[in-house]
$ cat upload07.cif   # mmCIF, C-alpha atoms
data_coords
#
loop_
_atom_site.label_atom_id
_atom_site.label_comp_id
_atom_site.auth_asym_id
_atom_site.auth_seq_id
_atom_site.Cartn_x
_atom_site.Cartn_y
_atom_site.Cartn_z
CA MET F 1 179.77 -215.00 21.31
CA ASN F 2 179.28 -211.24 21.75
CA LYS F 3 176.51 -209.57 23.74
CA LYS F 4 174.42 -208.94 20.65
CA ASP F 5 174.49 -212.63 19.73
CA GLN F 6 173.61 -213.58 23.31
CA ASP F 7 170.59 -211.26 23.24
CA ARG F 8 169.27 -212.62 19.94
CA GLN F 9 166.15 -214.65 20.70
CA SER F 10 164.32 -217.31 18.74
CA VAL F 11 160.66 -216.27 18.82
CA LEU F 12 157.53 -218.15 17.79
CA CYS F 13 154.67 -215.80 16.84
CA VAL F 14 151.22 -217.39 17.13
CA ASP F 15 148.16 -215.63 15.70
CA ASP F 16 145.30 -216.66 13.42
CA ALA F 17 145.40 -213.24 11.70
CA GLU F 18 147.93 -213.28 8.85
CA ASP F 19 148.55 -209.52 8.95
CA VAL F 20 149.43 -209.65 12.68
CA ARG F 21 151.81 -212.57 12.11
CA GLU F 22 153.55 -210.68 9.31
CA ILE F 23 153.88 -207.50 11.38
CA LEU F 24 155.29 -209.38 14.37
CA HIS F 25 157.72 -211.25 12.16
CA GLU F 26 158.92 -208.02 10.51
CA VAL F 27 159.31 -206.16 13.81
CA LEU F 28 161.19 -209.02 15.50
CA THR F 29 163.53 -209.34 12.54
CA LEU F 30 164.27 -205.61 12.66
CA LEU F 31 165.01 -205.96 16.40
CA GLY F 32 167.63 -208.59 15.59
CA HIS F 33 165.71 -211.73 16.59
CA THR F 34 164.79 -214.79 14.57
CA SER F 35 161.09 -215.37 14.05
CA ILE F 36 158.85 -218.24 12.98
CA THR F 37 155.04 -218.05 12.83
CA ALA F 38 152.18 -220.39 13.68
CA VAL F 39 148.46 -220.03 12.92
CA ASP F 40 147.06 -221.36 16.23
CA GLY F 41 147.92 -223.27 19.38
CA LEU F 42 148.10 -226.71 17.79
CA ASP F 43 150.38 -225.44 15.02
CA ALA F 44 152.54 -223.77 17.69
CA LEU F 45 152.90 -226.99 19.70
CA GLU F 46 154.06 -228.86 16.60
CA LYS F 47 156.69 -226.20 15.93
CA LEU F 48 157.79 -226.13 19.56
CA ALA F 49 158.28 -229.90 19.48
CA GLY F 50 160.45 -229.63 16.39
CA GLY F 51 162.65 -226.65 17.25
CA GLN F 52 164.34 -224.56 19.92
CA PHE F 53 162.53 -221.37 20.95
CA ASP F 54 163.21 -218.81 23.67
CA ILE F 55 159.97 -216.82 23.54
CA VAL F 56 156.43 -217.41 22.31
CA ILE F 57 154.21 -214.42 21.51
CA THR F 58 150.65 -215.70 21.29
CA ASP F 59 147.20 -214.35 20.59
CA LEU F 60 144.54 -215.49 23.04
CA LYS F 61 141.47 -216.01 20.83
CA MET F 62 142.28 -218.53 18.08
CA PRO F 63 140.54 -221.52 16.45
CA ARG F 64 141.37 -225.14 17.40
CA MET F 65 143.46 -224.12 20.43
CA GLY F 66 143.46 -220.69 22.04
CA GLY F 67 146.24 -218.88 23.82
CA ILE F 68 145.32 -219.75 27.41
CA GLU F 69 145.43 -223.49 26.74
CA LEU F 70 148.64 -223.06 24.71
CA ILE F 71 150.32 -221.18 27.59
CA LYS F 72 149.38 -223.95 30.03
CA LYS F 73 150.86 -226.60 27.74
CA ILE F 74 154.05 -224.58 27.21
CA LYS F 75 154.53 -224.23 30.97
CA ALA F 76 153.97 -227.98 31.39
CA ASP F 77 156.13 -229.24 28.51
CA PHE F 78 158.52 -226.40 27.57
CA GLU F 79 159.21 -224.75 30.91
CA GLU F 80 162.29 -222.85 29.69
CA VAL F 81 160.20 -220.96 27.10
CA ASP F 82 158.86 -217.53 28.11
CA VAL F 83 155.44 -216.43 26.83
CA ILE F 84 154.03 -213.01 26.00
CA ALA F 85 150.25 -212.93 25.53
CA ILE F 86 148.83 -210.46 23.03
CA THR F 87 145.14 -209.69 22.46
CA ALA F 88 142.64 -207.16 21.16
CA HIS F 89 140.05 -208.44 23.67
CA GLU F 90 141.28 -206.88 26.90
CA ALA F 91 137.77 -206.87 28.33
CA ASP F 92 137.68 -210.68 28.13
CA TYR F 93 141.05 -211.35 29.79
CA LYS F 94 142.45 -210.01 33.03
CA TYR F 95 146.19 -209.39 33.22
CA THR F 96 146.41 -211.44 36.41
CA ASP F 97 144.59 -214.40 34.85
CA VAL F 98 147.07 -214.56 31.98
CA ILE F 99 150.06 -214.27 34.31
CA GLU F 100 148.67 -216.95 36.63
CA VAL F 101 148.51 -219.55 33.84
CA GLY F 102 152.18 -218.94 33.07
CA ALA F 103 152.66 -215.94 30.76
CA ALA F 104 155.60 -213.66 31.47
CA ASP F 105 153.82 -210.55 30.18
CA PHE F 106 150.75 -209.17 28.39
CA ILE F 107 150.36 -206.77 25.45
CA SER F 108 147.22 -205.18 23.99
CA LYS F 109 146.51 -204.87 20.27
CA PRO F 110 147.33 -202.78 18.41
CA PHE F 111 150.73 -203.09 20.03
CA ASN F 112 153.44 -200.47 20.29
CA VAL F 113 156.85 -201.52 18.91
CA ASN F 114 158.74 -199.83 21.73
CA GLU F 115 156.59 -201.59 24.31
CA LEU F 116 157.19 -204.97 22.66
CA GLU F 117 160.96 -204.35 22.53
CA ALA F 118 161.00 -203.32 26.20
CA LYS F 119 159.12 -206.44 27.29
CA ILE F 120 161.41 -208.72 25.27
CA ASN F 121 164.48 -207.00 26.73
CA ARG F 122 163.10 -207.50 30.25
CA ILE F 123 162.59 -211.21 29.53
CA ILE F 124 166.19 -211.45 28.25
CA ARG F 125 167.51 -209.84 31.45
CA GLU F 126 165.45 -212.17 33.63
CA ARG F 127 166.50 -215.19 31.57
CA ASP F 128 170.17 -214.22 31.98
CA LEU F 129 169.64 -213.80 35.73
CA ARG F 130 167.98 -217.21 36.02
CA SER F 131 170.83 -218.76 34.07
CA ASP F 132 173.42 -217.13 36.34
CA LEU F 133 171.58 -218.26 39.47
CA LYS F 134 171.27 -221.80 38.14
CA ARG F 135 174.95 -221.89 37.31
CA LEU F 136 175.87 -220.65 40.77
CA SER F 137 173.73 -223.35 42.35
CA THR F 138 175.14 -226.20 40.26
CA HIS F 139 178.79 -225.25 39.58
CA ASP F 140 181.91 -224.96 41.70
CA GLY F 141 182.94 -221.32 41.98
CA LEU F 142 186.68 -221.98 41.68
CA THR F 143 187.01 -224.60 38.94
CA GLY F 144 183.82 -224.14 36.92
CA VAL F 145 182.91 -227.84 36.94
CA TYR F 146 179.72 -229.08 38.58
CA ASN F 147 179.61 -229.04 42.38
CA ARG F 148 178.99 -231.83 44.91
CA ARG F 149 175.31 -230.99 45.31
CA TYR F 150 174.69 -231.35 41.60
CA PHE F 151 176.70 -234.57 41.59
CA ASN F 152 174.26 -236.11 44.04
CA ASP F 153 171.26 -235.08 41.94
CA ASN F 154 172.66 -235.82 38.49
CA LEU F 155 174.24 -239.17 39.33
CA GLU F 156 170.80 -240.49 40.25
CA HIS F 157 169.36 -239.10 37.01
CA GLU F 158 172.15 -240.67 34.94
CA ALA F 159 171.78 -243.98 36.77
CA VAL F 160 168.03 -244.17 36.15
CA ARG F 161 168.55 -243.50 32.47
CA ALA F 162 171.38 -246.04 32.21
CA MET F 163 169.27 -248.75 33.84
CA ARG F 164 166.20 -247.93 31.76
CA GLN F 165 168.12 -247.96 28.48
CA ASN F 166 170.42 -250.82 29.52
CA TYR F 167 173.84 -249.22 29.03
CA ASN F 168 176.93 -249.07 31.26
CA LEU F 169 177.72 -246.26 33.67
CA PHE F 170 181.16 -245.78 35.24
CA LEU F 171 182.31 -243.47 38.00
CA LEU F 172 185.82 -242.08 38.44
CA ILE F 173 186.85 -240.49 41.72
CA ILE F 174 190.09 -238.52 41.39
CA ASP F 175 192.33 -237.29 44.19
CA VAL F 176 195.48 -235.16 44.02
CA ASP F 177 198.40 -236.97 45.67
CA LYS F 178 200.48 -234.84 48.08
CA PHE F 179 198.23 -231.82 47.59
CA LYS F 180 198.58 -230.60 51.19
CA GLY F 181 202.36 -230.49 50.91
CA TYR F 182 202.12 -228.61 47.60
CA ASN F 183 199.67 -226.16 49.15
CA ASP F 184 201.85 -225.62 52.23
CA LYS F 185 204.94 -225.02 50.13
CA HIS F 186 203.53 -222.86 47.35
CA GLY F 187 200.55 -221.21 49.04
CA HIS F 188 196.80 -221.34 48.53
CA LEU F 189 196.79 -219.31 45.32
CA GLN F 190 199.05 -221.84 43.64
CA GLY F 191 196.97 -224.63 45.14
CA ASP F 192 193.85 -223.09 43.61
CA SER F 193 195.66 -222.77 40.29
CA LEU F 194 196.51 -226.48 40.42
CA LEU F 195 192.85 -227.38 41.00
CA MET F 196 191.78 -225.18 38.08
CA THR F 197 194.40 -226.87 35.90
CA LEU F 198 193.09 -230.29 36.86
CA ALA F 199 189.51 -229.24 36.10
CA ARG F 200 190.62 -227.96 32.69
CA ILE F 201 192.38 -231.26 31.96
CA ILE F 202 189.31 -233.27 32.95
CA LEU F 203 186.96 -231.20 30.78
CA ALA F 204 189.35 -231.44 27.82
CA ASN F 205 189.54 -235.23 28.02
CA ILE F 206 185.91 -236.28 28.48
CA ARG F 207 183.08 -236.24 25.95
CA LYS F 208 181.23 -232.94 25.83
CA ASP F 209 177.49 -233.23 26.59
CA VAL F 210 177.90 -236.95 27.37
CA ASP F 211 180.29 -237.30 30.32
CA SER F 212 180.19 -234.92 33.29
CA ALA F 213 182.81 -233.62 35.75
CA TYR F 214 182.36 -232.52 39.36
CA ARG F 215 184.40 -231.06 42.18
CA TYR F 216 183.69 -233.76 44.73
CA GLY F 217 185.28 -231.93 47.65
CA GLY F 218 188.60 -230.23 48.42
CA ASP F 219 191.12 -231.72 46.00
CA GLU F 220 188.82 -234.57 44.93
CA PHE F 221 186.96 -234.64 41.62
CA ALA F 222 184.47 -237.08 40.12
CA VAL F 223 183.65 -238.00 36.53
CA VAL F 224 180.50 -239.82 35.39
CA LEU F 225 180.97 -241.84 32.19
CA PRO F 226 177.79 -243.21 30.57
CA TYR F 227 177.77 -245.29 27.35
CA ALA F 228 181.25 -246.71 28.05
CA ASN F 229 182.80 -250.11 28.61
CA GLN F 230 185.57 -250.98 31.08
CA GLU F 231 188.33 -250.48 28.53
CA GLN F 232 187.01 -247.07 27.46
CA ALA F 233 186.58 -245.89 31.06
CA LEU F 234 190.12 -247.01 31.90
CA LYS F 235 191.42 -245.23 28.81
CA VAL F 236 189.85 -241.95 29.99
CA ALA F 237 191.43 -242.37 33.44
CA LYS F 238 194.87 -243.11 31.98
CA ARG F 239 194.62 -240.09 29.71
CA LEU F 240 193.89 -237.89 32.73
CA LEU F 241 197.01 -239.24 34.46
CA THR F 242 199.16 -238.61 31.41
CA GLU F 243 197.89 -235.09 30.73
CA TYR F 244 198.18 -234.11 34.39
CA ASN F 245 201.78 -235.30 34.59
CA LYS F 246 202.64 -233.13 31.58
CA GLU F 247 201.93 -230.06 33.74
CA ASN F 248 204.99 -230.78 35.94
CA LEU F 249 203.18 -230.02 39.20
CA SER F 250 205.71 -232.00 41.23
CA PRO F 251 205.50 -233.63 43.70
CA THR F 252 201.76 -234.05 43.07
CA SER F 253 200.18 -236.73 40.91
CA LEU F 254 196.73 -238.29 40.63
CA SER F 255 195.12 -241.34 42.16
CA ILE F 256 191.93 -242.51 40.45
CA GLY F 257 189.32 -245.02 41.59
CA LEU F 258 187.12 -246.62 38.92
CA ALA F 259 183.80 -248.42 39.50
CA LYS F 260 180.85 -249.63 37.44
CA LEU F 261 177.17 -249.24 38.34
CA GLU F 262 175.41 -252.54 38.98
CA GLY F 263 171.82 -253.27 39.99
CA THR F 264 168.25 -252.32 39.07
CA GLN F 265 165.94 -249.35 39.51
CA ASP F 266 164.20 -251.19 42.35
CA SER F 267 167.29 -250.78 44.56
CA LEU F 268 168.63 -247.54 43.05
CA VAL F 269 169.57 -245.72 46.27
CA GLU F 270 171.47 -248.71 47.62
CA ASP F 271 173.13 -249.35 44.25
CA LEU F 272 174.38 -245.76 44.05
CA GLU F 273 175.78 -245.98 47.57
CA ILE F 274 177.60 -249.16 46.57
CA LEU F 275 178.92 -247.53 43.38
CA ILE F 276 180.40 -244.58 45.29
CA LYS F 277 181.80 -246.87 47.97
CA LYS F 278 183.50 -249.08 45.36
CA ALA F 279 185.01 -246.07 43.61
CA ASP F 280 186.23 -244.72 46.96
CA GLN F 281 187.78 -248.06 47.90
CA ALA F 282 189.52 -248.25 44.53
CA LEU F 283 190.81 -244.70 45.03
CA TYR F 284 192.25 -245.54 48.45
CA LEU F 285 193.89 -248.64 47.00
CA ALA F 286 195.56 -246.47 44.34
CA LYS F 287 196.79 -244.03 46.98
CA ASN F 288 198.04 -246.79 49.27
CA LYS F 289 200.07 -248.20 46.40
CA GLY F 290 201.89 -244.89 46.00
CA GLY F 291 199.52 -242.86 43.82
CA ASN F 292 199.95 -241.82 40.20
CA GLN F 293 197.74 -244.72 39.10
CA VAL F 294 194.21 -246.01 38.46
CA CYS F 295 192.63 -248.82 40.43
CA ASP F 296 189.33 -250.47 39.67
CA GLU F 297 186.96 -252.12 42.10
CA VAL F 298 188.55 -255.57 41.81
CA GLY F 299 192.08 -254.36 42.50
CA GLN F 300 193.44 -254.09 38.98
CA VAL F 301 196.14 -251.42 38.98
CA THR F 302 197.23 -249.25 36.08
CA LEU F 303 200.32 -247.10 36.62
CA ALA F 304 200.61 -243.73 34.93
CA SER F 305 203.88 -244.15 33.09
CA PRO F 306 204.71 -246.61 31.78
CA TYR F 307 201.29 -248.27 31.68
CA ILE F 308 201.67 -251.51 33.58
CA ILE F 309 198.66 -253.59 34.56
CA GLN F 310 198.95 -256.08 37.40
CA HIS F 311 196.42 -258.12 39.35
CA ASP F 312 196.51 -258.04 43.14
CA LEU F 313 193.50 -260.29 43.73
#
$ encode --input "upload07.cif" --output "structure tokens"
Amino acid sequence: MNKKDQDRQSVLCVDDAEDVREILHEVLTLLGHTSITAVDGLDALEKLAGGQFDIVITDLKMPRMGGIELIKKIKADFEEVDVIAITAHEADYKYTDVIEVGAADFISKPFNVNELEAKINRIIRERDLRSDLKRLSTHDGLTGVYNRRYFNDNLEHEAVRAMRQNYNLFLLIIDVDKFKGYNDKHGHLQGDSLLMTLARIILANIRKDVDSAYRYGGDEFAVVLPYANQEQALKVAKRLLTEYNKENLSPTSLSIGLAKLEGTQDSLVEDLEILIKKADQALYLAKNKGGNQVCDEVGQVTLASPYIIQHDL
């Protein structure tokens, strides 16, 4: 995606005056944005619920639902959407009042095209900055996967949803065998390259927008697998072993601990602690057995190549 595509916004124009809606739509289209119109606040909320919008430009005085109430509802239910208020009744609305209810900016009618473009461009810059800051706070700087802090927050969110909707949730904890020796021999740059390679392998072998990957700490990674059964979770882990070994990063290999979430929302904190502990214990079992394998919480071992399953309990 080039910069022009990134800057293209989806804008909802809300005004009870047809001529104003048409002018806004024409101007926004000429500026390279996509535009949809709504006749009042209620119409706008219906369209917001049914589509993805970046910016709402709304009149303040409208029938059924005015702009102030619409802005409040957008901030409550569509917090990622930025709002520009536009009105011909400046005497009735203070700039500060409109900003305090959640608008990003304010324009008087009749509006100037250059002013509208400048305000939209400012919103785009601020949106990009917020996105960058959010990414920095949730992602690992080296590998690009989620960081440990986000793991703690998102695992709880995923667990609540899994329990509420009654589906399985599995956790993989992955550790690089003999990483210290590899790092000592080849240097930290090569060690960093190995971690980036592992992150790439993990992302390529989990379901996009369903599963999630995290740098758990040092050379440890974690993967959260919702909507999966034991066989499917084990298949993902085995695929990670196989794909990693194809990289020929000798003498390193992977050890993976696999565990399933059990419990209810009433004991969520304790259940998550148990889940992580079980995955950790399974990981240590895999490492103690020589690495290059997956262990689950009951001691079932799956070697990387060939795939041999044996029961130790």
$ closest_residue --input "upload07.cif" --among "F:Gln265, F:Leu189, F:Asp97, F:Leu240" --to "Arg164 in chain F" --atoms "all atoms listed in the file"
F:Gln265
$ resolve_selection --input "upload07.cif" --expression "the PyMOL selection byres ((chain F and resi 18-27) around 10)" --output "PDB file with C-alpha atoms, keeping the file's coordinate frame"
ATOM      1  CA  VAL F  11     160.660-216.270  18.820  1.00  0.00           C
ATOM      2  CA  LEU F  12     157.530-218.150  17.790  1.00  0.00           C
ATOM      3  CA  CYS F  13     154.670-215.800  16.840  1.00  0.00           C
ATOM      4  CA  VAL F  14     151.220-217.390  17.130  1.00  0.00           C
ATOM      5  CA  ASP F  15     148.160-215.630  15.700  1.00  0.00           C
ATOM      6  CA  ASP F  16     145.300-216.660  13.420  1.00  0.00           C
ATOM      7  CA  ALA F  17     145.400-213.240  11.700  1.00  0.00           C
ATOM      8  CA  LEU F  28     161.190-209.020  15.500  1.00  0.00           C
ATOM      9  CA  THR F  29     163.530-209.340  12.540  1.00  0.00           C
ATOM     10  CA  LEU F  30     164.270-205.610  12.660  1.00  0.00           C
ATOM     11  CA  LEU F  31     165.010-205.960  16.400  1.00  0.00           C
ATOM     12  CA  GLY F  32     167.630-208.590  15.590  1.00  0.00           C
ATOM     13  CA  HIS F  33     165.710-211.730  16.590  1.00  0.00           C
ATOM     14  CA  THR F  34     164.790-214.790  14.570  1.00  0.00           C
ATOM     15  CA  SER F  35     161.090-215.370  14.050  1.00  0.00           C
ATOM     16  CA  ILE F  36     158.850-218.240  12.980  1.00  0.00           C
ATOM     17  CA  THR F  37     155.040-218.050  12.830  1.00  0.00           C
ATOM     18  CA  ALA F  38     152.180-220.390  13.680  1.00  0.00           C
ATOM     19  CA  VAL F  39     148.460-220.030  12.920  1.00  0.00           C
ATOM     20  CA  ILE F  57     154.210-214.420  21.510  1.00  0.00           C
ATOM     21  CA  THR F  58     150.650-215.700  21.290  1.00  0.00           C
ATOM     22  CA  ASP F  59     147.200-214.350  20.590  1.00  0.00           C
ATOM     23  CA  LYS F 109     146.510-204.870  20.270  1.00  0.00           C
ATOM     24  CA  PRO F 110     147.330-202.780  18.410  1.00  0.00           C
ATOM     25  CA  PHE F 111     150.730-203.090  20.030  1.00  0.00           C
ATOM     26  CA  VAL F 113     156.850-201.520  18.910  1.00  0.00           C
ATOM     27  CA  LEU F 116     157.190-204.970  22.660  1.00  0.00           C
ATOM     28  CA  GLU F 117     160.960-204.350  22.530  1.00  0.00           C
TER      29      GLU F 117
END
$ closest_residue --input "upload07.cif" --among "F:Ile123, F:Ile86, F:Ala213, F:Leu171" --to "Tyr150 in chain F" --atoms "all atoms listed in the file"
F:Ala213
$ resolve_selection --input "upload07.cif" --expression "the PyMOL selection byres ((chain F and resi 277) around 12)" --output "ChimeraX atom specification"
/F:171-173,257-261,270-276,278-284,296-297
$ residues_around --input "upload07.cif" --residues "Leu169 in chain F" --least-positions-apart "2" --cutoff "10 Å" --atoms "only C-alpha atoms" --output "list in words"
Leu155, Glu158, Ala159, Arg161, Ala162, Met163, Asn166, Tyr167, Leu171, Asp211, Val224, Leu225, Pro226, Tyr227, Ala228, Asn229, Gln230, Ala233, Ala259, Lys260, Leu261, Glu262 and Leu275 of chain F
$ residues_around --input "upload07.cif" --residues "Ser253 in chain F" --least-positions-apart "3" --cutoff "10 Å" --atoms "all atoms listed in the file" --output "NGL selection string"
:F and (175-179 or 241-242 or 244-245 or 247-250 or 290-293 or 304)
$ atom_distance --input "upload07.cif" --atom1 "CA of Gly51 in chain F" --atom2 "CA of Ala204 in chain F"
29.1 Å
$ atom_distance --input "upload07.cif" --atom1 "CA of Val294 in chain F" --atom2 "CA of Ser255 in chain F"
6.0 Å
$ closest_residue --input "upload07.cif" --among "F:Leu48, F:Ile124, F:Ile84, F:Met65" --to "Asp7 in chain F" --atoms "all atoms listed in the file"
F:Ile124
